[in-house]
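Just final.cif here, mmCIF, N, CA and C atoms:
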data_target
#
loop_
_atom_site.label_atom_id
_atom_site.label_comp_id
_atom_site.auth_asym_id
_atom_site.auth_seq_id
_atom_site.Cartn_x
_atom_site.Cartn_y
_atom_site.Cartn_z
N MET T 670 -22.49 -14.90 16.56
CA MET T 670 -22.04 -16.10 15.89
C MET T 670 -20.59 -15.93 15.46
N THR T 671 -19.79 -16.90 15.76
CA THR T 671 -18.39 -16.86 15.35
C THR T 671 -18.21 -17.67 14.08
N THR T 672 -17.33 -17.15 13.23
CA THR T 672 -17.01 -17.90 12.02
C THR T 672 -15.58 -18.37 12.10
N ILE T 673 -15.35 -19.50 11.54
CA ILE T 673 -14.00 -20.06 11.51
C ILE T 673 -13.43 -19.84 10.13
N ASP T 674 -12.25 -19.26 10.08
CA ASP T 674 -11.59 -19.05 8.80
C ASP T 674 -10.96 -20.37 8.38
N THR T 675 -11.56 -21.04 7.41
CA THR T 675 -11.06 -22.33 6.98
C THR T 675 -9.70 -22.23 6.30
N ASN T 676 -9.35 -21.04 5.83
CA ASN T 676 -8.06 -20.86 5.16
C ASN T 676 -6.90 -21.08 6.11
N THR T 677 -7.06 -20.71 7.39
CA THR T 677 -5.94 -20.84 8.31
C THR T 677 -5.64 -22.30 8.61
N THR T 678 -6.66 -23.17 8.53
CA THR T 678 -6.39 -24.57 8.78
C THR T 678 -5.65 -25.21 7.61
N LYS T 679 -5.87 -24.72 6.41
CA LYS T 679 -5.20 -25.28 5.24
C LYS T 679 -3.77 -24.75 5.09
N THR T 680 -3.57 -23.48 5.35
CA THR T 680 -2.28 -22.87 5.06
C THR T 680 -1.43 -22.63 6.30
N GLY T 681 -2.00 -22.72 7.46
CA GLY T 681 -1.27 -22.43 8.67
C GLY T 681 -1.44 -20.97 9.06
N LYS T 682 -1.42 -20.74 10.35
CA LYS T 682 -1.62 -19.38 10.84
C LYS T 682 -0.46 -18.47 10.51
N GLY T 683 0.72 -19.02 10.30
CA GLY T 683 1.91 -18.21 10.01
C GLY T 683 1.73 -17.34 8.79
N TRP T 684 1.19 -17.93 7.73
CA TRP T 684 0.98 -17.15 6.50
C TRP T 684 -0.03 -16.04 6.72
N THR T 685 -1.11 -16.38 7.42
CA THR T 685 -2.15 -15.39 7.67
C THR T 685 -1.60 -14.25 8.52
N ILE T 686 -0.87 -14.57 9.56
CA ILE T 686 -0.28 -13.54 10.42
C ILE T 686 0.72 -12.70 9.65
N GLY T 687 1.58 -13.35 8.89
CA GLY T 687 2.58 -12.63 8.09
C GLY T 687 1.95 -11.69 7.08
N LEU T 688 0.89 -12.13 6.45
CA LEU T 688 0.21 -11.28 5.48
C LEU T 688 -0.48 -10.10 6.16
N TRP T 689 -1.09 -10.33 7.32
CA TRP T 689 -1.69 -9.22 8.04
C TRP T 689 -0.64 -8.21 8.49
N ILE T 690 0.53 -8.69 8.89
CA ILE T 690 1.61 -7.78 9.28
C ILE T 690 2.06 -6.96 8.07
N ALA T 691 2.23 -7.62 6.94
CA ALA T 691 2.62 -6.90 5.71
C ALA T 691 1.56 -5.89 5.32
N GLN T 692 0.29 -6.28 5.39
CA GLN T 692 -0.79 -5.35 5.04
C GLN T 692 -0.81 -4.16 5.99
N ALA T 693 -0.64 -4.42 7.29
CA ALA T 693 -0.66 -3.32 8.27
C ALA T 693 0.53 -2.39 8.07
N ALA T 694 1.70 -2.95 7.80
CA ALA T 694 2.89 -2.11 7.58
C ALA T 694 2.72 -1.25 6.33
N LEU T 695 2.27 -1.86 5.26
CA LEU T 695 2.03 -1.11 4.03
C LEU T 695 0.97 -0.02 4.24
N ALA T 696 -0.11 -0.40 4.90
CA ALA T 696 -1.19 0.57 5.13
C ALA T 696 -0.69 1.74 5.97
N ALA T 697 0.09 1.45 7.00
CA ALA T 697 0.62 2.53 7.85
C ALA T 697 1.52 3.47 7.05
N MET T 698 2.42 2.90 6.27
CA MET T 698 3.33 3.73 5.47
C MET T 698 2.57 4.61 4.48
N PHE T 699 1.65 4.00 3.75
CA PHE T 699 0.93 4.76 2.73
C PHE T 699 -0.09 5.71 3.33
N LEU T 700 -0.67 5.36 4.46
CA LEU T 700 -1.60 6.27 5.12
C LEU T 700 -0.87 7.53 5.58
N MET T 701 0.31 7.34 6.19
CA MET T 701 1.08 8.51 6.63
C MET T 701 1.54 9.36 5.45
N ALA T 702 2.11 8.71 4.44
CA ALA T 702 2.62 9.45 3.29
C ALA T 702 1.48 10.15 2.53
N GLY T 703 0.37 9.45 2.35
CA GLY T 703 -0.75 10.03 1.63
C GLY T 703 -1.39 11.17 2.39
N PHE T 704 -1.56 11.00 3.70
CA PHE T 704 -2.16 12.06 4.52
C PHE T 704 -1.29 13.32 4.47
N MET T 705 0.04 13.12 4.51
CA MET T 705 0.95 14.26 4.44
C MET T 705 0.79 14.99 3.10
N LYS T 706 0.69 14.23 2.00
CA LYS T 706 0.55 14.86 0.69
C LYS T 706 -0.80 15.55 0.53
N LEU T 707 -1.80 15.08 1.25
CA LEU T 707 -3.12 15.70 1.17
C LEU T 707 -3.24 16.96 2.02
N THR T 708 -2.50 17.02 3.12
CA THR T 708 -2.71 18.10 4.08
C THR T 708 -1.59 19.12 4.19
N SER T 709 -0.39 18.79 3.75
CA SER T 709 0.75 19.70 3.92
C SER T 709 0.90 20.62 2.72
N ALA T 710 1.41 21.79 2.99
CA ALA T 710 1.74 22.72 1.91
C ALA T 710 3.01 22.22 1.22
N PRO T 711 3.15 22.48 -0.07
CA PRO T 711 4.35 22.03 -0.79
C PRO T 711 5.65 22.49 -0.12
N ALA T 712 5.71 23.70 0.40
CA ALA T 712 6.93 24.19 1.05
C ALA T 712 7.27 23.33 2.28
N GLU T 713 6.24 22.91 3.02
CA GLU T 713 6.47 22.05 4.18
C GLU T 713 7.03 20.69 3.76
N MET T 714 6.49 20.16 2.66
CA MET T 714 6.96 18.86 2.18
C MET T 714 8.40 18.94 1.68
N VAL T 715 8.76 20.03 1.04
CA VAL T 715 10.15 20.21 0.60
C VAL T 715 11.06 20.25 1.82
N ALA T 716 10.63 20.95 2.88
CA ALA T 716 11.42 21.03 4.11
C ALA T 716 11.57 19.65 4.75
N MET T 717 10.59 18.75 4.53
CA MET T 717 10.66 17.39 5.08
C MET T 717 11.54 16.47 4.23
N GLY T 718 12.03 16.96 3.11
CA GLY T 718 12.92 16.16 2.28
C GLY T 718 12.33 15.68 0.98
N LEU T 719 11.12 16.08 0.65
CA LEU T 719 10.50 15.68 -0.62
C LEU T 719 10.81 16.75 -1.68
N ALA T 720 12.03 16.71 -2.19
CA ALA T 720 12.48 17.74 -3.13
C ALA T 720 11.66 17.77 -4.42
N TRP T 721 11.14 16.63 -4.84
CA TRP T 721 10.40 16.56 -6.10
C TRP T 721 9.13 17.41 -6.07
N VAL T 722 8.63 17.69 -4.87
CA VAL T 722 7.36 18.41 -4.74
C VAL T 722 7.44 19.83 -5.28
N GLU T 723 8.61 20.46 -5.18
CA GLU T 723 8.71 21.85 -5.62
C GLU T 723 8.52 22.00 -7.13
N ASN T 724 8.71 20.93 -7.90
CA ASN T 724 8.55 20.99 -9.35
C ASN T 724 7.27 20.33 -9.83
N ALA T 725 6.43 19.88 -8.91
CA ALA T 725 5.22 19.17 -9.30
C ALA T 725 3.99 20.03 -9.06
N PRO T 726 2.98 19.89 -9.91
CA PRO T 726 1.73 20.63 -9.68
C PRO T 726 1.06 20.14 -8.40
N VAL T 727 0.45 21.06 -7.67
CA VAL T 727 -0.20 20.70 -6.41
C VAL T 727 -1.29 19.66 -6.63
N ILE T 728 -2.00 19.75 -7.73
CA ILE T 728 -3.07 18.78 -8.01
C ILE T 728 -2.50 17.37 -8.14
N LEU T 729 -1.32 17.22 -8.71
CA LEU T 729 -0.67 15.91 -8.81
C LEU T 729 -0.29 15.39 -7.43
N ILE T 730 0.25 16.26 -6.60
CA ILE T 730 0.64 15.86 -5.24
C ILE T 730 -0.59 15.39 -4.47
N ARG T 731 -1.67 16.12 -4.57
CA ARG T 731 -2.91 15.75 -3.87
C ARG T 731 -3.48 14.44 -4.43
N PHE T 732 -3.41 14.26 -5.75
CA PHE T 732 -3.90 13.02 -6.36
C PHE T 732 -3.10 11.82 -5.87
N ILE T 733 -1.79 11.95 -5.82
CA ILE T 733 -0.95 10.86 -5.33
C ILE T 733 -1.30 10.57 -3.87
N GLY T 734 -1.49 11.61 -3.07
CA GLY T 734 -1.87 11.43 -1.67
C GLY T 734 -3.19 10.71 -1.54
N LEU T 735 -4.17 11.09 -2.34
CA LEU T 735 -5.47 10.43 -2.30
C LEU T 735 -5.37 8.97 -2.71
N ALA T 736 -4.58 8.68 -3.74
CA ALA T 736 -4.38 7.30 -4.18
C ALA T 736 -3.70 6.47 -3.09
N GLU T 737 -2.74 7.06 -2.39
CA GLU T 737 -2.05 6.34 -1.32
C GLU T 737 -2.98 6.06 -0.14
N VAL T 738 -3.79 7.04 0.24
CA VAL T 738 -4.74 6.83 1.34
C VAL T 738 -5.79 5.78 0.95
N ALA T 739 -6.31 5.87 -0.26
CA ALA T 739 -7.29 4.88 -0.73
C ALA T 739 -6.69 3.48 -0.75
N GLY T 740 -5.44 3.37 -1.19
CA GLY T 740 -4.77 2.08 -1.20
C GLY T 740 -4.57 1.53 0.21
N ALA T 741 -4.23 2.40 1.15
CA ALA T 741 -4.04 1.98 2.54
C ALA T 741 -5.35 1.45 3.13
N VAL T 742 -6.42 2.16 2.88
CA VAL T 742 -7.74 1.72 3.37
C VAL T 742 -8.13 0.41 2.69
N GLY T 743 -7.85 0.31 1.40
CA GLY T 743 -8.18 -0.90 0.65
C GLY T 743 -7.40 -2.13 1.07
N LEU T 744 -6.24 -1.93 1.64
CA LEU T 744 -5.46 -3.07 2.14
C LEU T 744 -6.09 -3.71 3.37
N ILE T 745 -6.75 -2.91 4.17
CA ILE T 745 -7.25 -3.38 5.47
C ILE T 745 -8.76 -3.63 5.48
N LEU T 746 -9.53 -2.65 5.09
CA LEU T 746 -10.99 -2.70 5.28
C LEU T 746 -11.67 -3.89 4.61
N PRO T 747 -11.46 -4.15 3.31
CA PRO T 747 -12.16 -5.29 2.70
C PRO T 747 -11.76 -6.63 3.32
N ALA T 748 -10.49 -6.77 3.67
CA ALA T 748 -10.04 -8.03 4.27
C ALA T 748 -10.58 -8.19 5.69
N ALA T 749 -10.58 -7.11 6.45
CA ALA T 749 -11.03 -7.19 7.84
C ALA T 749 -12.54 -7.44 7.94
N THR T 750 -13.30 -6.83 7.04
CA THR T 750 -14.75 -6.99 7.09
C THR T 750 -15.22 -8.20 6.29
N ARG T 751 -14.35 -8.73 5.46
CA ARG T 751 -14.66 -9.82 4.54
C ARG T 751 -15.78 -9.45 3.57
N ILE T 752 -15.94 -8.14 3.34
CA ILE T 752 -16.87 -7.66 2.32
C ILE T 752 -16.02 -7.31 1.09
N MET T 753 -16.21 -8.06 0.05
CA MET T 753 -15.42 -7.92 -1.18
C MET T 753 -13.91 -7.96 -0.90
N PRO T 754 -13.42 -9.02 -0.24
CA PRO T 754 -12.00 -9.07 0.12
C PRO T 754 -11.05 -9.08 -1.07
N GLU T 755 -11.56 -9.36 -2.27
CA GLU T 755 -10.69 -9.32 -3.45
C GLU T 755 -10.18 -7.90 -3.72
N LEU T 756 -10.85 -6.90 -3.14
CA LEU T 756 -10.38 -5.52 -3.28
C LEU T 756 -9.03 -5.30 -2.60
N THR T 757 -8.71 -6.13 -1.62
CA THR T 757 -7.41 -6.03 -0.95
C THR T 757 -6.28 -6.28 -1.95
N LYS T 758 -6.46 -7.28 -2.79
CA LYS T 758 -5.44 -7.56 -3.82
C LYS T 758 -5.34 -6.42 -4.82
N LEU T 759 -6.48 -5.85 -5.18
CA LEU T 759 -6.47 -4.73 -6.12
C LEU T 759 -5.81 -3.49 -5.51
N ALA T 760 -6.05 -3.26 -4.23
CA ALA T 760 -5.40 -2.14 -3.55
C ALA T 760 -3.89 -2.35 -3.52
N ALA T 761 -3.45 -3.56 -3.23
CA ALA T 761 -2.01 -3.86 -3.23
C ALA T 761 -1.42 -3.68 -4.63
N ALA T 762 -2.17 -4.08 -5.65
CA ALA T 762 -1.70 -3.91 -7.02
C ALA T 762 -1.58 -2.42 -7.37
N GLY T 763 -2.54 -1.63 -6.95
CA GLY T 763 -2.47 -0.19 -7.19
C GLY T 763 -1.26 0.43 -6.51
N LEU T 764 -1.00 0.03 -5.29
CA LEU T 764 0.18 0.56 -4.57
C LEU T 764 1.48 0.08 -5.22
N ALA T 765 1.49 -1.14 -5.74
CA ALA T 765 2.67 -1.63 -6.45
C ALA T 765 2.94 -0.77 -7.69
N VAL T 766 1.88 -0.43 -8.41
CA VAL T 766 2.02 0.43 -9.60
C VAL T 766 2.56 1.80 -9.18
N ILE T 767 2.03 2.35 -8.10
CA ILE T 767 2.53 3.64 -7.61
C ILE T 767 4.03 3.55 -7.33
N MET T 768 4.48 2.45 -6.75
CA MET T 768 5.91 2.31 -6.42
C MET T 768 6.77 2.16 -7.67
N VAL T 769 6.28 1.47 -8.68
CA VAL T 769 7.03 1.36 -9.94
C VAL T 769 7.16 2.74 -10.57
N LEU T 770 6.06 3.48 -10.62
CA LEU T 770 6.10 4.83 -11.21
C LEU T 770 6.98 5.77 -10.37
N ALA T 771 6.90 5.64 -9.05
CA ALA T 771 7.73 6.49 -8.19
C ALA T 771 9.20 6.18 -8.39
N ALA T 772 9.55 4.91 -8.49
CA ALA T 772 10.95 4.54 -8.71
C ALA T 772 11.45 5.10 -10.04
N ALA T 773 10.65 4.95 -11.08
CA ALA T 773 11.04 5.48 -12.39
C ALA T 773 11.22 7.00 -12.32
N PHE T 774 10.32 7.67 -11.64
CA PHE T 774 10.39 9.12 -11.49
C PHE T 774 11.66 9.53 -10.75
N HIS T 775 11.97 8.82 -9.65
CA HIS T 775 13.16 9.16 -8.87
C HIS T 775 14.45 8.85 -9.64
N ILE T 776 14.45 7.79 -10.40
CA ILE T 776 15.62 7.47 -11.24
C ILE T 776 15.81 8.57 -12.28
N TYR T 777 14.73 9.00 -12.90
CA TYR T 777 14.78 10.07 -13.88
C TYR T 777 15.37 11.34 -13.28
N ARG T 778 14.98 11.64 -12.05
CA ARG T 778 15.47 12.86 -11.37
C ARG T 778 16.85 12.68 -10.73
N GLY T 779 17.40 11.47 -10.79
CA GLY T 779 18.71 11.22 -10.20
C GLY T 779 18.68 11.05 -8.69
N GLU T 780 17.51 10.78 -8.14
CA GLU T 780 17.35 10.59 -6.70
C GLU T 780 17.41 9.09 -6.37
N LEU T 781 18.55 8.50 -6.63
CA LEU T 781 18.70 7.05 -6.51
C LEU T 781 18.63 6.56 -5.07
N GLU T 782 18.87 7.43 -4.11
CA GLU T 782 18.83 7.02 -2.71
C GLU T 782 17.41 6.66 -2.24
N VAL T 783 16.40 7.09 -2.98
CA VAL T 783 15.01 6.82 -2.61
C VAL T 783 14.51 5.50 -3.19
N VAL T 784 15.13 5.04 -4.24
CA VAL T 784 14.65 3.86 -4.98
C VAL T 784 14.62 2.59 -4.12
N PRO T 785 15.58 2.34 -3.22
CA PRO T 785 15.46 1.13 -2.40
C PRO T 785 14.17 1.08 -1.57
N MET T 786 13.72 2.20 -1.06
CA MET T 786 12.45 2.21 -0.31
C MET T 786 11.29 1.89 -1.24
N ASN T 787 11.32 2.43 -2.46
CA ASN T 787 10.28 2.08 -3.44
C ASN T 787 10.29 0.58 -3.71
N ALA T 788 11.47 0.00 -3.81
CA ALA T 788 11.59 -1.44 -4.08
C ALA T 788 11.05 -2.27 -2.91
N VAL T 789 11.34 -1.86 -1.69
CA VAL T 789 10.84 -2.59 -0.51
C VAL T 789 9.32 -2.53 -0.45
N LEU T 790 8.75 -1.35 -0.65
CA LEU T 790 7.30 -1.22 -0.62
C LEU T 790 6.64 -1.98 -1.77
N PHE T 791 7.28 -1.98 -2.93
CA PHE T 791 6.79 -2.77 -4.06
C PHE T 791 6.79 -4.25 -3.70
N ALA T 792 7.89 -4.71 -3.10
CA ALA T 792 8.00 -6.14 -2.73
C ALA T 792 6.93 -6.52 -1.70
N LEU T 793 6.68 -5.67 -0.74
CA LEU T 793 5.62 -5.94 0.24
C LEU T 793 4.25 -6.02 -0.44
N ALA T 794 3.99 -5.10 -1.35
CA ALA T 794 2.71 -5.12 -2.07
C ALA T 794 2.59 -6.39 -2.91
N ALA T 795 3.67 -6.78 -3.57
CA ALA T 795 3.66 -8.00 -4.38
C ALA T 795 3.44 -9.23 -3.49
N PHE T 796 4.04 -9.22 -2.30
CA PHE T 796 3.85 -10.31 -1.34
C PHE T 796 2.38 -10.42 -0.93
N VAL T 797 1.73 -9.28 -0.69
CA VAL T 797 0.32 -9.29 -0.31
C VAL T 797 -0.53 -9.82 -1.47
N ILE T 798 -0.23 -9.39 -2.68
CA ILE T 798 -0.99 -9.88 -3.84
C ILE T 798 -0.84 -11.39 -3.95
N TRP T 799 0.39 -11.87 -3.91
CA TRP T 799 0.65 -13.30 -4.02
C TRP T 799 0.00 -14.07 -2.87
N GLY T 800 0.22 -13.58 -1.66
CA GLY T 800 -0.27 -14.29 -0.49
C GLY T 800 -1.79 -14.35 -0.43
N ARG T 801 -2.45 -13.26 -0.76
CA ARG T 801 -3.91 -13.24 -0.71
C ARG T 801 -4.53 -13.92 -1.93
N THR T 802 -3.72 -14.21 -2.95
CA THR T 802 -4.20 -14.95 -4.10
C THR T 802 -3.95 -16.44 -3.93
N LYS T 803 -2.74 -16.82 -3.51
CA LYS T 803 -2.33 -18.22 -3.50
C LYS T 803 -2.29 -18.86 -2.11
N LYS T 804 -1.68 -18.19 -1.14
CA LYS T 804 -1.38 -18.83 0.14
C LYS T 804 -2.50 -18.72 1.16
N ALA T 805 -3.08 -17.56 1.34
CA ALA T 805 -4.09 -17.37 2.38
C ALA T 805 -5.18 -16.40 1.90
N PRO T 806 -5.92 -16.80 0.88
CA PRO T 806 -7.00 -15.92 0.44
C PRO T 806 -8.06 -15.78 1.53
N ILE T 807 -8.75 -14.67 1.49
CA ILE T 807 -9.80 -14.42 2.47
C ILE T 807 -11.15 -14.64 1.77
N ALA T 808 -11.94 -15.54 2.37
CA ALA T 808 -13.25 -15.84 1.79
C ALA T 808 -14.22 -14.71 2.11
N PRO T 809 -15.06 -14.35 1.14
CA PRO T 809 -16.07 -13.33 1.43
C PRO T 809 -17.09 -13.83 2.43
N ARG T 810 -17.75 -12.89 3.07
CA ARG T 810 -18.81 -13.24 4.01
C ARG T 810 -19.89 -14.03 3.30
N SER T 811 -20.43 -14.99 4.02
CA SER T 811 -21.52 -15.77 3.39
C SER T 811 -22.87 -15.34 3.89
#

Represent the structure from my file as structure tokens, please.
Amino acid sequence: MTTIDTNTTKTGKGWTIGLWIAQAALAAMFLMAGFMKLTSAPAEMVAMGLAWVENAPVILIRFIGLAEVAGAVGLILPAATRIMPELTKLAAAGLAVIMVLAAAFHIYRGELEVVPMNAVLFALAAFVIWGRTKKAPIAPRS
């Protein structure tokens, strides 16, 4: 049985496509970054350019990695399956919070060159929250 997403007829396919692209881009970025923080040794991460890692406890690095991977999965899975799709907005909100905290941390450390990327990822997460709330919400399975 095929279901028709009534939201696309009201808002247009452009919004739906744009939001899926934003969700996929965010998920890819956070999945890669989180997986790296979960699996790499701190010395390897420092060699990759993550200077902050050498002064951070390993448990914090792993926690951030786990939060990023969970957020990436939360951006895609609930929306794609339409099982509790409101979790997609919560995942985007969690990733937005991570980006605010990361930007503050990098500003504190004087690593201002990293902050624009934090701002872009924050903006994408905010776009997903807004879009999935106002423009093209995903209805749960009936």

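With distances taken over all atoms listed in the file, T:Met705 is the one residue among T:Gly681, T:Pro806, T:Met705, T:Leu770 lying closest to Arg731 in chain T.
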
Item to check | Selected residue of minimal separation from Ala772 in chain T among T:Pro785, T:Gly734, T:Gly740, T:Pro711, counting only C-alpha atoms | outcome: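 Among the listed residues, T:Pro785 lies closest to Ala772 in chain T.
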
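Between atom N of Ile798 in chain T and CA of Met753 in chain T the separation is 15.3 Å.
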
Item to check | Å distance separating atom C of Ile752 in chain T from atom N of Ala808 in chain T, one decimal place | outcome: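 One can read the atom C of Ile752 in chain T to atom N of Ala808 in chain T distance as 9.3 Å.
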
Item to check | Which of T:Leu764, T:Leu707, T:Ile807, T:Ala702 sits closest to Ile730 in chain T [using all atoms listed in the file] | outcome: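 Distance minimum relative to Ile730 in chain T lands on T:Leu707.
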
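In this comparison, which uses only C-alpha atoms, the residue of T:Leu793, T:Met786, T:Ala710, T:Ala739 approaching Pro726 in chain T most closely is T:Ala710.
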
Checklist entry - Hey, what does DSSP flag as helix (DSSP H, G or I) within chain T? Can you give it to me as a ChimeraX atom specification? => result /T:675-680,682-708,711-716,720-724,727-750,755-777,781-804

Checklist entry - Quick one, how far is CA of Leu719 in chain T from CA of Gly703 in chain T? => result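 For CA of Leu719 in chain T relative to CA of Gly703 in chain T, the distance reads 12.8 Å.
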
Checklist entry - What do you get, as a PyMOL selection string, if you spell out every residue that the PyMOL selection byres ((chain T and resi 794-797) around 6.5) selects here? => result chain T and resi 688+692+758+761-762+764-765+789-793+798-802

Selection from above, N, CA and C atoms, as a PDB file, in the frame of the given file, can you write it?
ATOM      1  N   LEU T 688       0.890 -12.130   6.450  1.00  0.00           N
ATOM      2  CA  LEU T 688       0.210 -11.280   5.480  1.00  0.00           C
ATOM      3  C   LEU T 688      -0.480 -10.100   6.160  1.00  0.00           C
ATOM      4  N   GLN T 692       0.290  -6.280   5.390  1.00  0.00           N
ATOM      5  CA  GLN T 692      -0.790  -5.350   5.040  1.00  0.00           C
ATOM      6  C   GLN T 692      -0.810  -4.160   5.990  1.00  0.00           C
ATOM      7  N   LYS T 758      -6.460  -7.280  -2.790  1.00  0.00           N
ATOM      8  CA  LYS T 758      -5.440  -7.560  -3.820  1.00  0.00           C
ATOM      9  C   LYS T 758      -5.340  -6.420  -4.820  1.00  0.00           C
ATOM     10  N   ALA T 761      -3.450  -3.560  -3.230  1.00  0.00           N
ATOM     11  CA  ALA T 761      -2.010  -3.860  -3.230  1.00  0.00           C
ATOM     12  C   ALA T 761      -1.420  -3.680  -4.630  1.00  0.00           C
ATOM     13  N   ALA T 762      -2.170  -4.080  -5.650  1.00  0.00           N
ATOM     14  CA  ALA T 762      -1.700  -3.910  -7.020  1.00  0.00           C
ATOM     15  C   ALA T 762      -1.580  -2.420  -7.370  1.00  0.00           C
ATOM     16  N   LEU T 764      -1.000   0.030  -5.290  1.00  0.00           N
ATOM     17  CA  LEU T 764       0.180   0.560  -4.570  1.00  0.00           C
ATOM     18  C   LEU T 764       1.480   0.080  -5.220  1.00  0.00           C
ATOM     19  N   ALA T 765       1.490  -1.140  -5.740  1.00  0.00           N
ATOM     20  CA  ALA T 765       2.670  -1.630  -6.450  1.00  0.00           C
ATOM     21  C   ALA T 765       2.940  -0.770  -7.690  1.00  0.00           C
ATOM     22  N   VAL T 789      11.340  -1.860  -1.690  1.00  0.00           N
ATOM     23  CA  VAL T 789      10.840  -2.590  -0.510  1.00  0.00           C
ATOM     24  C   VAL T 789       9.320  -2.530  -0.450  1.00  0.00           C
ATOM     25  N   LEU T 790       8.750  -1.350  -0.650  1.00  0.00           N
ATOM     26  CA  LEU T 790       7.300  -1.220  -0.620  1.00  0.00           C
ATOM     27  C   LEU T 790       6.640  -1.980  -1.770  1.00  0.00           C
ATOM     28  N   PHE T 791       7.280  -1.980  -2.930  1.00  0.00           N
ATOM     29  CA  PHE T 791       6.790  -2.770  -4.060  1.00  0.00           C
ATOM     30  C   PHE T 791       6.790  -4.250  -3.700  1.00  0.00           C
ATOM     31  N   ALA T 792       7.890  -4.710  -3.100  1.00  0.00           N
ATOM     32  CA  ALA T 792       8.000  -6.140  -2.730  1.00  0.00           C
ATOM     33  C   ALA T 792       6.930  -6.520  -1.700  1.00  0.00           C
ATOM     34  N   LEU T 793       6.680  -5.670  -0.740  1.00  0.00           N
ATOM     35  CA  LEU T 793       5.620  -5.940   0.240  1.00  0.00           C
ATOM     36  C   LEU T 793       4.250  -6.020  -0.440  1.00  0.00           C
ATOM     37  N   ILE T 798      -0.230  -9.390  -2.680  1.00  0.00           N
ATOM     38  CA  ILE T 798      -0.990  -9.880  -3.840  1.00  0.00           C
ATOM     39  C   ILE T 798      -0.840 -11.390  -3.950  1.00  0.00           C
ATOM     40  N   TRP T 799       0.390 -11.870  -3.910  1.00  0.00           N
ATOM     41  CA  TRP T 799       0.650 -13.300  -4.020  1.00  0.00           C
ATOM     42  C   TRP T 799       0.000 -14.070  -2.870  1.00  0.00           C
ATOM     43  N   GLY T 800       0.220 -13.580  -1.660  1.00  0.00           N
ATOM     44  CA  GLY T 800      -0.270 -14.290  -0.490  1.00  0.00           C
ATOM     45  C   GLY T 800      -1.790 -14.350  -0.430  1.00  0.00           C
ATOM     46  N   ARG T 801      -2.450 -13.260  -0.760  1.00  0.00           N
ATOM     47  CA  ARG T 801      -3.910 -13.240  -0.710  1.00  0.00           C
ATOM     48  C   ARG T 801      -4.530 -13.920  -1.930  1.00  0.00           C
ATOM     49  N   THR T 802      -3.720 -14.210  -2.950  1.00  0.00           N
ATOM     50  CA  THR T 802      -4.200 -14.950  -4.100  1.00  0.00           C
ATOM     51  C   THR T 802      -3.950 -16.440  -3.930  1.00  0.00           C
TER      52      THR T 802
END
